[in-house]
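Before any comments, here is the structure.
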2 protein chains.
Amino acid sequence: MTNTRPGTSAPGFSSVRHKVGAALTGFLDAKDEAAPGTELLYLTTTLRTFLTSGKWLRSVLCVYGWQAARGDGEMTAALRAAASLELFQVFALVHDDVMDNSDVRRGQPSAHRALAAAYTEGGGPRGRAEAHGLGAAVLLGDLALVWSDELLHSAGLDPGTLAQVMPLVADMRSEVMYGQLLDLQTTGRLTGDIETALHVIRYKTAKYTVERPLHIGAAVAGAAPAVLDACTAFGIPLGEAFQLRDDLLGVFGDPAETGKPVLDDLREGKATVLMALAVQRASPTERETLRGLVGRSDLDEDQAAEVRAVLESTGARRTVEEMITERRDAALTALDEAPFPEAASAQLRQIALAATDRRT
Amino acid sequence: MTNTRPGTSAPGFSSVRHKVGAALTGFLDAKDEAAPGTELLYLTTTLRTFLTSGKWLRSVLCVYGWQAARGDGEMTAALRAAASLELFQVFALVHDDVMDNSDVRRGQPSAHRALAAAYTEGGGPRGRAEAHGLGAAVLLGDLALVWSDELLHSAGLDPGTLAQVMPLVADMRSEVMYGQLLDLQTTGRLTGDIETALHVIRYKTAKYTVERPLHIGAAVAGAAPAVLDACTAFGIPLGEAFQLRDDLLGVFGDPAETGKPVLDDLREGKATVLMALAVQRASPTERETLRGLVGRSDLDEDQAAEVRAVLESTGARRTVEEMITERRDAALTALDEAPFPEAASAQLRQIALAATDRRT
């Protein structure tokens, strides 16, 4: 399964993506039409570009969660709830790039860079382009967030179901922000603190990317508590495995495939589990190498190779691979025991395999 | 009524403020207790400081809107809805300061400055303080926004009422963001375009600060359409008058009273109605003065005095004063014709007078 994007080979993935895409397009078209002027269009255009380039893992998991809870028949509400998660994800990514000052996202200019360029092309003074791009990106993220909420509220859920869904959405939002905050606080501080690094990925990825989308989809179908618990037992280890894989790809991956410059994580000094393991096990010389290079904004390819050598020699890379396997297996075991219809389990199994695949 | 903050002298203002404050404190205390770690505390502390220093005009208007629609008896839901507007306002201000790169808000350091300082005090490397402050402020705003939503959803509204309230909230959110975007696009471009400047304040202030809080409060009380229409007839002209007053204070005000450095609007090159009028009427020499000085980030007090002289000599300041009076009178006339209980009308009349008062 080399060169496979997470989950793209799972049955039904592209059909779900297509339907969620239609729900999003319909919503954004209505927004463009209702706009009091044309000034907003460059924001919604940027928003659409962002959506198109996404993997849509969250919305697919949301629909699979709905199927796992034996949702059937009319799928509209589940699709709109799923679509609202993609708008929320645009919000999270756009603000994340502002916070990290990242130039590139998915192989394209990040939103604040794209909006700064659009401002200059529209005749705006070059000296204000960067400030404008930053401001417009903060706004674009805000807009995606409130529209995500609006889409969910207009999804056609009956009041009782909405009352079951909203607390899960509120938890998801608070959790991802808590994860982002931890990320912000730990980035740039090189430590051997594996516990904290695991805490970050649990909040920032495991809950946000996997567990909560499954929960929300399941709740749309009126899931019993046992179904929600099974989503957790499957989702948390899978989400952790998924992020550990992403961290490896962030250092050892092929930019042509990940769409992300491979030096960014090292230049930022991202406090990953991978790095914490290396710091903990490094010899004094190796630790010097890490301290001297990780977090340098001008890190070059040769220096990155030195860091990678330490990640290999300390066994950090190998341990992370083992952690991925362990967590993937735990997720698959949880799936075997889950009270899901077999079709839903089969789709989730495919996702688990694809999302943790080595791909390098 | 010199030296009076908007609305502080209206009957019931401080009592409403006190009750809304209790709703907010209760909500934030619960958030602090439920937090998975202590890392969030410096964000909620900053959030509380921000709330304390606010004028709370929106929440008071929300409660008065509830009273205007003959809401009576149990006030809890109206107070929680009002409190949610204050959290939303923190979101808007914190992100606004990030977008404008403002150092000061209400006489205190803006959120990104305060958070940058807290980071350094907590042992964070000084070189990362600014980036951290910006990132943490974006997050703080995001958190205030999602908590605002959560507070509204847990306000105890029955499903039918919530279904009436939510579209108004969605409109308010979209409108303020549209206003912010226009503001962002026009700031720094000196033009005589009065229409656009009026368009900005209609969205950014008149609808957001006055009309929608009244609407939301009225909808919590299950208002009939005639009540909502009367809120609009009163709220839009008052909100415009309020912003026009604010623009005058931003250039001619006393910083000790406004809590805002009096050079900020001029240094940013804010595209106010005041400035558009001056540009339109300026002689070639006066126009040169404006073009040369407005928008200069290093503008000093002497240069500001030159700009103020042009705002006076072109009659721009006087015209804005007339526009304020006109709009205030329109609001008061609308109030006389509104189907509100007299007690509610009396309170709104006080707010209209105080919020448009000369204060300089």
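Just remember, in the structure tokens the first chain shown is A, the second B, etc., residues are 1-based per chain, and ligands are 1-based in the order shown.
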What would chain A look like once superposed on chain B, with the fit done by least squares over all C-alpha atoms paired in order? Give it as an mmCIF file with C-alpha atoms, in the first residue's frame.
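Everything below was put into selection-v8.cif:
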data_model
loop_
_atom_site.group_PDB
_atom_site.id
_atom_site.type_symbol
_atom_site.label_atom_id
_atom_site.label_comp_id
_atom_site.auth_asym_id
_atom_site.auth_seq_id
_atom_site.Cartn_x
_atom_site.Cartn_y
_atom_site.Cartn_z
ATOM 1 C CA MET A 1 -23.502 64.236 31.017
ATOM 2 C CA THR A 2 -19.815 64.924 30.411
ATOM 3 C CA ASN A 3 -17.382 62.135 31.294
ATOM 4 C CA THR A 4 -20.055 59.472 31.211
ATOM 5 C CA ARG A 5 -19.300 56.082 29.700
ATOM 6 C CA PRO A 6 -21.994 54.966 27.247
ATOM 7 C CA GLY A 7 -25.047 53.923 29.125
ATOM 8 C CA THR A 8 -23.586 53.695 32.594
ATOM 9 C CA SER A 9 -26.175 56.111 33.883
ATOM 10 C CA ALA A 10 -29.142 54.206 32.463
ATOM 11 C CA PRO A 11 -31.350 52.709 35.138
ATOM 12 C CA GLY A 12 -30.640 49.048 35.715
ATOM 13 C CA PHE A 13 -27.346 49.130 33.813
ATOM 14 C CA SER A 14 -25.148 48.192 36.739
ATOM 15 C CA SER A 15 -27.600 45.620 38.051
ATOM 16 C CA VAL A 16 -27.706 43.906 34.643
ATOM 17 C CA ARG A 17 -23.925 44.077 34.386
ATOM 18 C CA HIS A 18 -23.589 42.457 37.758
ATOM 19 C CA LYS A 19 -25.892 39.576 36.849
ATOM 20 C CA VAL A 20 -24.263 38.999 33.465
ATOM 21 C CA GLY A 21 -20.901 39.053 35.233
ATOM 22 C CA ALA A 22 -22.037 36.323 37.597
ATOM 23 C CA ALA A 23 -23.128 34.153 34.647
ATOM 24 C CA LEU A 24 -19.716 34.638 33.007
ATOM 25 C CA THR A 25 -17.771 33.935 36.175
ATOM 26 C CA GLY A 26 -19.739 30.740 36.784
ATOM 27 C CA PHE A 27 -19.088 29.551 33.236
ATOM 28 C CA LEU A 28 -15.345 30.325 33.316
ATOM 29 C CA ASP A 29 -14.919 28.785 36.771
ATOM 30 C CA ALA A 30 -16.439 25.555 35.458
ATOM 31 C CA LYS A 31 -14.080 25.703 32.448
ATOM 32 C CA ASP A 32 -11.043 26.156 34.684
ATOM 33 C CA GLU A 33 -12.100 23.234 36.854
ATOM 34 C CA ALA A 34 -12.762 20.940 33.903
ATOM 35 C CA ALA A 35 -9.441 21.790 32.189
ATOM 36 C CA PRO A 36 -7.229 18.743 31.632
ATOM 37 C CA GLY A 37 -4.209 20.670 32.915
ATOM 38 C CA THR A 38 -3.203 24.034 34.336
ATOM 39 C CA GLU A 39 -1.691 25.272 31.086
ATOM 40 C CA LEU A 40 -4.888 26.978 30.031
ATOM 41 C CA LEU A 41 -5.127 29.136 33.132
ATOM 42 C CA TYR A 42 -3.037 31.983 31.760
ATOM 43 C CA LEU A 43 -5.484 32.216 28.855
ATOM 44 C CA THR A 44 -8.598 32.275 31.038
ATOM 45 C CA THR A 45 -6.917 34.799 33.341
ATOM 46 C CA THR A 46 -6.284 37.070 30.368
ATOM 47 C CA LEU A 47 -9.864 36.488 29.255
ATOM 48 C CA ARG A 48 -11.224 37.496 32.670
ATOM 49 C CA THR A 49 -9.118 40.665 32.718
ATOM 50 C CA PHE A 50 -10.497 41.579 29.327
ATOM 51 C CA LEU A 51 -14.080 41.000 30.405
ATOM 52 C CA THR A 52 -13.673 43.060 33.552
ATOM 53 C CA SER A 53 -12.469 46.098 31.665
ATOM 54 C CA GLY A 54 -15.326 46.031 29.140
ATOM 55 C CA LYS A 55 -18.269 48.387 28.861
ATOM 56 C CA TRP A 56 -20.688 45.472 28.417
ATOM 57 C CA LEU A 57 -22.901 47.526 26.162
ATOM 58 C CA ARG A 58 -23.891 44.480 24.088
ATOM 59 C CA SER A 59 -24.999 42.338 26.992
ATOM 60 C CA VAL A 60 -26.983 45.191 28.504
ATOM 61 C CA LEU A 61 -28.676 45.838 25.153
ATOM 62 C CA CYS A 62 -29.453 42.130 24.890
ATOM 63 C CA VAL A 63 -31.215 42.171 28.255
ATOM 64 C CA TYR A 64 -33.037 45.400 27.337
ATOM 65 C CA GLY A 65 -34.098 43.733 24.070
ATOM 66 C CA TRP A 66 -35.544 40.915 26.137
ATOM 67 C CA GLN A 67 -37.438 43.469 28.243
ATOM 68 C CA ALA A 68 -38.560 45.354 25.127
ATOM 69 C CA ALA A 69 -40.165 42.120 23.918
ATOM 70 C CA ARG A 70 -41.953 41.852 27.263
ATOM 71 C CA GLY A 71 -39.712 39.140 28.644
ATOM 72 C CA ASP A 72 -40.399 38.891 32.341
ATOM 73 C CA GLY A 73 -39.976 36.627 35.310
ATOM 74 C CA GLU A 74 -37.094 34.156 35.110
ATOM 75 C CA MET A 75 -34.221 36.035 33.492
ATOM 76 C CA THR A 76 -31.541 33.312 33.502
ATOM 77 C CA ALA A 77 -31.692 32.425 29.805
ATOM 78 C CA ALA A 78 -31.549 36.086 28.758
ATOM 79 C CA LEU A 79 -28.574 36.703 31.050
ATOM 80 C CA ARG A 80 -26.682 33.725 29.688
ATOM 81 C CA ALA A 81 -27.418 34.756 26.103
ATOM 82 C CA ALA A 82 -26.179 38.247 27.025
ATOM 83 C CA ALA A 83 -23.060 36.781 28.635
ATOM 84 C CA SER A 84 -22.352 34.814 25.456
ATOM 85 C CA LEU A 85 -22.282 38.110 23.538
ATOM 86 C CA GLU A 86 -19.552 39.414 25.856
ATOM 87 C CA LEU A 87 -17.433 36.319 25.194
ATOM 88 C CA PHE A 88 -18.017 36.867 21.485
ATOM 89 C CA GLN A 89 -16.880 40.464 21.894
ATOM 90 C CA VAL A 90 -13.653 39.334 23.571
ATOM 91 C CA PHE A 91 -13.055 37.113 20.561
ATOM 92 C CA ALA A 92 -13.660 40.048 18.195
ATOM 93 C CA LEU A 93 -11.418 42.472 20.113
ATOM 94 C CA VAL A 94 -8.523 40.077 20.615
ATOM 95 C CA HIS A 95 -8.448 39.131 16.934
ATOM 96 C CA ASP A 96 -8.959 42.762 15.933
ATOM 97 C CA ASP A 97 -5.872 43.778 17.899
ATOM 98 C CA VAL A 98 -3.885 40.966 16.295
ATOM 99 C CA MET A 99 -5.013 42.136 12.850
ATOM 100 C CA ASP A 100 -4.240 45.794 13.578
ATOM 101 C CA ASN A 101 -1.099 44.932 15.552
ATOM 102 C CA SER A 102 -2.365 47.208 18.352
ATOM 103 C CA ASP A 103 -0.331 47.398 21.545
ATOM 104 C CA VAL A 104 -3.028 48.812 23.766
ATOM 105 C CA ARG A 105 -6.688 48.071 24.451
ATOM 106 C CA ARG A 106 -8.737 49.950 27.029
ATOM 107 C CA GLY A 107 -5.606 51.437 28.539
ATOM 108 C CA GLN A 108 -4.059 47.990 29.119
ATOM 109 C CA PRO A 109 -1.685 45.923 26.983
ATOM 110 C CA SER A 110 -3.583 44.161 24.194
ATOM 111 C CA ALA A 111 -3.962 40.377 24.549
ATOM 112 C CA HIS A 112 -1.045 39.429 22.301
ATOM 113 C CA ARG A 113 1.226 41.833 24.177
ATOM 114 C CA ALA A 114 0.046 40.576 27.576
ATOM 115 C CA LEU A 115 0.490 36.948 26.523
ATOM 116 C CA ALA A 116 3.955 37.619 25.096
ATOM 117 C CA ALA A 117 4.946 39.166 28.445
ATOM 118 C CA ALA A 118 3.466 36.216 30.373
ATOM 119 C CA TYR A 119 5.471 33.838 28.184
ATOM 120 C CA THR A 120 8.758 35.577 28.991
ATOM 121 C CA GLU A 121 7.902 35.791 32.691
ATOM 122 C CA GLY A 122 7.169 32.044 32.651
ATOM 123 C CA GLY A 123 10.709 31.375 31.450
ATOM 124 C CA GLY A 124 10.041 31.248 27.716
ATOM 125 C CA PRO A 125 12.893 32.390 25.475
ATOM 126 C CA ARG A 126 12.644 36.130 24.782
ATOM 127 C CA GLY A 127 13.271 35.606 21.058
ATOM 128 C CA ARG A 128 10.038 33.643 20.746
ATOM 129 C CA ALA A 129 7.899 35.931 22.922
ATOM 130 C CA GLU A 130 6.312 37.924 20.121
ATOM 131 C CA ALA A 131 5.462 34.863 18.010
ATOM 132 C CA HIS A 132 4.104 33.129 21.087
ATOM 133 C CA GLY A 133 1.973 36.118 22.045
ATOM 134 C CA LEU A 134 0.474 36.298 18.578
ATOM 135 C CA GLY A 135 -0.259 32.568 18.466
ATOM 136 C CA ALA A 136 -1.702 32.501 21.970
ATOM 137 C CA ALA A 137 -3.902 35.525 21.208
ATOM 138 C CA VAL A 138 -5.290 33.883 18.071
ATOM 139 C CA LEU A 139 -6.071 30.849 20.249
ATOM 140 C CA LEU A 140 -7.552 32.927 23.049
ATOM 141 C CA GLY A 141 -9.886 34.561 20.541
ATOM 142 C CA ASP A 142 -10.839 31.164 19.109
ATOM 143 C CA LEU A 143 -11.548 29.842 22.573
ATOM 144 C CA ALA A 144 -13.709 32.854 23.467
ATOM 145 C CA LEU A 145 -15.683 32.286 20.269
ATOM 146 C CA VAL A 146 -16.381 28.601 20.837
ATOM 147 C CA TRP A 147 -17.153 29.194 24.498
ATOM 148 C CA SER A 148 -19.549 31.940 23.527
ATOM 149 C CA ASP A 149 -21.359 29.362 21.428
ATOM 150 C CA GLU A 150 -21.316 26.794 24.215
ATOM 151 C CA LEU A 151 -22.682 29.295 26.731
ATOM 152 C CA LEU A 152 -25.547 30.135 24.417
ATOM 153 C CA HIS A 153 -26.358 26.461 23.880
ATOM 154 C CA SER A 154 -26.370 25.785 27.585
ATOM 155 C CA ALA A 155 -28.479 28.868 28.327
ATOM 156 C CA GLY A 156 -31.559 26.749 28.946
ATOM 157 C CA LEU A 157 -33.497 27.910 25.895
ATOM 158 C CA ASP A 158 -36.214 25.562 24.692
ATOM 159 C CA PRO A 159 -35.594 24.124 21.201
ATOM 160 C CA GLY A 160 -38.154 26.369 19.496
ATOM 161 C CA THR A 161 -36.646 29.532 20.959
ATOM 162 C CA LEU A 162 -33.113 28.380 20.197
ATOM 163 C CA ALA A 163 -34.202 27.824 16.595
ATOM 164 C CA GLN A 164 -35.397 31.448 16.509
ATOM 165 C CA VAL A 165 -32.224 32.799 18.126
ATOM 166 C CA MET A 166 -29.538 30.879 16.218
ATOM 167 C CA PRO A 167 -30.115 32.408 12.752
ATOM 168 C CA LEU A 168 -29.830 35.889 14.312
ATOM 169 C CA VAL A 169 -26.568 34.860 15.976
ATOM 170 C CA ALA A 170 -25.299 33.440 12.688
ATOM 171 C CA ASP A 171 -26.186 36.692 10.928
ATOM 172 C CA MET A 172 -24.463 38.728 13.625
ATOM 173 C CA ARG A 173 -21.288 36.693 13.292
ATOM 174 C CA SER A 174 -21.169 36.900 9.514
ATOM 175 C CA GLU A 175 -21.938 40.615 9.583
ATOM 176 C CA VAL A 176 -19.201 41.577 12.007
ATOM 177 C CA MET A 177 -16.677 39.574 10.017
ATOM 178 C CA TYR A 178 -17.789 41.188 6.816
ATOM 179 C CA GLY A 179 -17.375 44.578 8.504
ATOM 180 C CA GLN A 180 -13.925 43.611 9.753
ATOM 181 C CA LEU A 181 -12.927 42.535 6.273
ATOM 182 C CA LEU A 182 -14.067 45.824 4.760
ATOM 183 C CA ASP A 183 -12.173 47.625 7.496
ATOM 184 C CA LEU A 184 -9.065 45.616 6.693
ATOM 185 C CA GLN A 185 -9.404 46.316 2.983
ATOM 186 C CA THR A 186 -9.963 50.047 3.341
ATOM 187 C CA THR A 187 -7.508 50.844 6.143
ATOM 188 C CA GLY A 188 -4.406 52.582 4.840
ATOM 189 C CA ARG A 189 -6.062 53.760 1.627
ATOM 190 C CA LEU A 190 -6.923 57.427 1.898
ATOM 191 C CA THR A 191 -10.051 58.123 -0.154
ATOM 192 C CA GLY A 192 -13.062 60.418 -0.197
ATOM 193 C CA ASP A 193 -15.397 57.429 -0.382
ATOM 194 C CA ILE A 194 -18.006 58.251 2.246
ATOM 195 C CA GLU A 195 -20.411 55.529 1.121
ATOM 196 C CA THR A 196 -17.916 52.752 1.804
ATOM 197 C CA ALA A 197 -16.971 54.241 5.152
ATOM 198 C CA LEU A 198 -20.650 54.287 6.129
ATOM 199 C CA HIS A 199 -21.062 50.709 4.871
ATOM 200 C CA VAL A 200 -18.215 49.602 7.161
ATOM 201 C CA ILE A 201 -19.692 51.169 10.282
ATOM 202 C CA ARG A 202 -23.116 49.801 9.477
ATOM 203 C CA TYR A 203 -21.781 46.242 9.467
ATOM 204 C CA LYS A 204 -19.005 46.542 11.987
ATOM 205 C CA THR A 205 -20.847 48.556 14.585
ATOM 206 C CA ALA A 206 -24.489 49.431 13.949
ATOM 207 C CA LYS A 207 -25.640 45.884 13.349
ATOM 208 C CA TYR A 208 -23.143 44.129 15.569
ATOM 209 C CA THR A 209 -23.093 46.386 18.620
ATOM 210 C CA VAL A 210 -26.680 47.549 18.760
ATOM 211 C CA GLU A 211 -29.209 45.944 16.422
ATOM 212 C CA ARG A 212 -28.239 42.274 16.855
ATOM 213 C CA PRO A 213 -27.885 42.270 20.653
ATOM 214 C CA LEU A 214 -31.381 43.803 20.848
ATOM 215 C CA HIS A 215 -32.681 41.221 18.353
ATOM 216 C CA ILE A 216 -31.127 38.308 20.186
ATOM 217 C CA GLY A 217 -32.524 39.410 23.546
ATOM 218 C CA ALA A 218 -35.925 39.980 21.974
ATOM 219 C CA ALA A 219 -35.849 36.556 20.303
ATOM 220 C CA VAL A 220 -35.039 34.917 23.652
ATOM 221 C CA ALA A 221 -38.352 36.411 24.813
ATOM 222 C CA GLY A 222 -40.095 35.055 21.694
ATOM 223 C CA ALA A 223 -40.540 38.489 20.095
ATOM 224 C CA ALA A 224 -43.041 39.164 17.298
ATOM 225 C CA PRO A 225 -41.609 40.513 13.997
ATOM 226 C CA ALA A 226 -42.881 44.045 14.781
ATOM 227 C CA VAL A 227 -40.657 44.137 17.871
ATOM 228 C CA LEU A 228 -37.614 43.026 15.870
ATOM 229 C CA ASP A 229 -38.356 45.705 13.261
ATOM 230 C CA ALA A 230 -38.591 48.372 15.951
ATOM 231 C CA CYS A 231 -35.222 47.203 17.335
ATOM 232 C CA THR A 232 -33.753 47.745 13.862
ATOM 233 C CA ALA A 233 -35.335 51.184 13.444
ATOM 234 C CA PHE A 234 -33.820 52.243 16.762
ATOM 235 C CA GLY A 235 -30.577 50.269 16.637
ATOM 236 C CA ILE A 236 -29.130 51.072 13.225
ATOM 237 C CA PRO A 237 -29.094 54.889 13.486
ATOM 238 C CA LEU A 238 -27.957 54.694 17.114
ATOM 239 C CA GLY A 239 -25.148 52.289 16.239
ATOM 240 C CA GLU A 240 -23.976 54.536 13.420
ATOM 241 C CA ALA A 241 -24.047 57.549 15.716
ATOM 242 C CA PHE A 242 -22.114 55.593 18.318
ATOM 243 C CA GLN A 243 -19.358 54.685 15.838
ATOM 244 C CA LEU A 244 -19.163 58.216 14.420
ATOM 245 C CA ARG A 245 -18.680 59.452 17.994
ATOM 246 C CA ASP A 246 -15.998 56.815 18.526
ATOM 247 C CA ASP A 247 -14.204 57.921 15.364
ATOM 248 C CA LEU A 248 -14.189 61.522 16.599
ATOM 249 C CA LEU A 249 -12.872 60.402 19.978
ATOM 250 C CA GLY A 250 -10.198 58.348 18.199
ATOM 251 C CA VAL A 251 -8.736 61.582 16.819
ATOM 252 C CA PHE A 252 -9.865 64.347 19.169
ATOM 253 C CA GLY A 253 -10.455 62.357 22.393
ATOM 254 C CA ASP A 254 -8.595 62.345 25.658
ATOM 255 C CA PRO A 255 -6.590 59.094 25.984
ATOM 256 C CA ALA A 256 -7.022 59.154 29.755
ATOM 257 C CA GLU A 257 -10.726 58.773 29.155
ATOM 258 C CA THR A 258 -10.933 56.579 26.064
ATOM 259 C CA GLY A 259 -8.168 54.198 27.178
ATOM 260 C CA LYS A 260 -6.867 54.311 23.619
ATOM 261 C CA PRO A 261 -3.780 56.190 22.368
ATOM 262 C CA VAL A 262 -5.178 59.086 20.398
ATOM 263 C CA LEU A 263 -2.689 58.686 17.550
ATOM 264 C CA ASP A 264 -3.571 55.061 16.690
ATOM 265 C CA ASP A 265 -6.430 55.734 14.261
ATOM 266 C CA LEU A 266 -4.344 58.306 12.377
ATOM 267 C CA ARG A 267 -1.239 56.120 12.334
ATOM 268 C CA GLU A 268 -3.208 53.157 10.999
ATOM 269 C CA GLY A 269 -4.915 55.334 8.429
ATOM 270 C CA LYS A 270 -8.377 54.191 9.487
ATOM 271 C CA ALA A 271 -10.825 54.931 6.661
ATOM 272 C CA THR A 272 -13.455 56.723 8.739
ATOM 273 C CA VAL A 273 -16.341 58.851 7.520
ATOM 274 C CA LEU A 274 -14.540 61.771 9.173
ATOM 275 C CA MET A 275 -11.463 61.241 7.032
ATOM 276 C CA ALA A 276 -13.427 60.605 3.828
ATOM 277 C CA LEU A 277 -15.274 63.913 4.311
ATOM 278 C CA ALA A 278 -12.001 65.761 4.839
ATOM 279 C CA VAL A 279 -10.395 64.218 1.750
ATOM 280 C CA GLN A 280 -13.416 65.097 -0.349
ATOM 281 C CA ARG A 281 -13.454 68.738 0.709
ATOM 282 C CA ALA A 282 -9.735 69.405 1.105
ATOM 283 C CA SER A 283 -7.901 72.037 -0.909
ATOM 284 C CA PRO A 284 -4.862 70.744 -2.818
ATOM 285 C CA THR A 285 -2.586 71.846 0.050
ATOM 286 C CA GLU A 286 -4.797 70.272 2.681
ATOM 287 C CA ARG A 287 -4.972 67.052 0.686
ATOM 288 C CA GLU A 288 -1.167 66.995 0.555
ATOM 289 C CA THR A 289 -1.071 67.277 4.335
ATOM 290 C CA LEU A 290 -3.461 64.350 4.719
ATOM 291 C CA ARG A 291 -1.680 62.174 2.160
ATOM 292 C CA GLY A 292 1.676 62.894 3.700
ATOM 293 C CA LEU A 293 0.719 62.227 7.300
ATOM 294 C CA VAL A 294 -2.285 59.889 7.652
ATOM 295 C CA GLY A 295 -1.137 56.254 7.838
ATOM 296 C CA ARG A 296 2.427 57.095 8.948
ATOM 297 C CA SER A 297 3.288 54.679 11.717
ATOM 298 C CA ASP A 298 5.697 57.232 13.249
ATOM 299 C CA LEU A 299 3.204 60.116 13.280
ATOM 300 C CA ASP A 300 3.982 62.455 16.189
ATOM 301 C CA GLU A 301 1.794 64.820 18.207
ATOM 302 C CA ASP A 302 2.675 67.889 16.080
ATOM 303 C CA GLN A 303 1.831 66.110 12.874
ATOM 304 C CA ALA A 304 -1.428 64.860 14.417
ATOM 305 C CA ALA A 305 -2.235 68.492 15.213
ATOM 306 C CA GLU A 306 -1.765 69.367 11.526
ATOM 307 C CA VAL A 307 -4.187 66.619 10.522
ATOM 308 C CA ARG A 308 -6.694 67.740 13.148
ATOM 309 C CA ALA A 309 -6.480 71.275 11.775
ATOM 310 C CA VAL A 310 -7.487 69.999 8.331
ATOM 311 C CA LEU A 311 -10.356 67.982 9.841
ATOM 312 C CA GLU A 312 -11.552 71.235 11.405
ATOM 313 C CA SER A 313 -10.928 73.600 8.481
ATOM 314 C CA THR A 314 -12.695 71.367 5.972
ATOM 315 C CA GLY A 315 -15.679 71.214 8.299
ATOM 316 C CA ALA A 316 -15.401 67.409 8.437
ATOM 317 C CA ARG A 317 -15.546 67.377 12.215
ATOM 318 C CA ARG A 318 -18.614 69.623 12.278
ATOM 319 C CA THR A 319 -20.416 67.519 9.660
ATOM 320 C CA VAL A 320 -19.762 64.349 11.646
ATOM 321 C CA GLU A 321 -21.210 66.055 14.729
ATOM 322 C CA GLU A 322 -24.296 66.886 12.687
ATOM 323 C CA MET A 323 -24.546 63.305 11.434
ATOM 324 C CA ILE A 324 -24.410 62.076 15.029
ATOM 325 C CA THR A 325 -27.216 64.385 16.092
ATOM 326 C CA GLU A 326 -29.337 63.422 13.102
ATOM 327 C CA ARG A 327 -28.939 59.711 13.807
ATOM 328 C CA ARG A 328 -29.451 60.042 17.525
ATOM 329 C CA ASP A 329 -32.701 61.918 16.855
ATOM 330 C CA ALA A 330 -33.829 59.261 14.371
ATOM 331 C CA ALA A 331 -33.175 56.598 17.007
ATOM 332 C CA LEU A 332 -35.153 58.514 19.622
ATOM 333 C CA THR A 333 -38.068 59.011 17.236
ATOM 334 C CA ALA A 334 -38.061 55.287 16.433
ATOM 335 C CA LEU A 335 -38.146 54.615 20.148
ATOM 336 C CA ASP A 336 -41.216 56.836 20.596
ATOM 337 C CA GLU A 337 -43.009 54.736 17.992
ATOM 338 C CA ALA A 338 -41.781 51.335 19.183
ATOM 339 C CA PRO A 339 -44.207 48.821 20.762
ATOM 340 C CA PHE A 340 -41.952 48.466 23.822
ATOM 341 C CA PRO A 341 -43.014 48.663 27.493
ATOM 342 C CA GLU A 342 -42.254 52.161 28.798
ATOM 343 C CA ALA A 343 -39.599 50.919 31.252
ATOM 344 C CA ALA A 344 -37.600 49.368 28.404
ATOM 345 C CA SER A 345 -37.947 52.484 26.248
ATOM 346 C CA ALA A 346 -36.745 54.671 29.107
ATOM 347 C CA GLN A 347 -33.606 52.579 29.518
ATOM 348 C CA LEU A 348 -32.890 52.579 25.794
ATOM 349 C CA ARG A 349 -33.381 56.353 25.676
ATOM 350 C CA GLN A 350 -30.728 56.771 28.384
ATOM 351 C CA ILE A 351 -28.314 54.586 26.448
ATOM 352 C CA ALA A 352 -28.916 56.535 23.241
ATOM 353 C CA LEU A 353 -28.163 59.813 24.965
ATOM 354 C CA ALA A 354 -25.086 58.597 26.823
ATOM 355 C CA ALA A 355 -23.557 56.695 23.890
ATOM 356 C CA THR A 356 -23.687 59.670 21.553
ATOM 357 C CA ASP A 357 -22.663 62.256 24.122
ATOM 358 C CA ARG A 358 -19.855 64.637 23.256
ATOM 359 C CA ARG A 359 -17.556 63.589 26.112
ATOM 360 C CA THR A 360 -14.680 65.833 24.936
#
Strand (DSSP E) per DSSP on the backbone: members of region 73-290 of chain A, as a ChimeraX atom specification: /A:104-105,108-109
Just the selected residues (C-alpha atoms), exported as a tab-separated table (two decimals), in the first residue's frame, please.
chain	number	residue	atom	x	y	z
A	104	VAL	CA	3.28	26.29	2.77
A	105	ARG	CA	0.31	24.00	3.35
A	108	GLN	CA	0.41	25.34	-1.84
A	109	PRO	CA	0.98	28.75	-0.26
Filtered DSSP result for region 209-274 of chain B, state helix (DSSP H, G or I), as a PyMOL selection string: chain B and resi 209-220+225-252+255-258+264-268+273-274
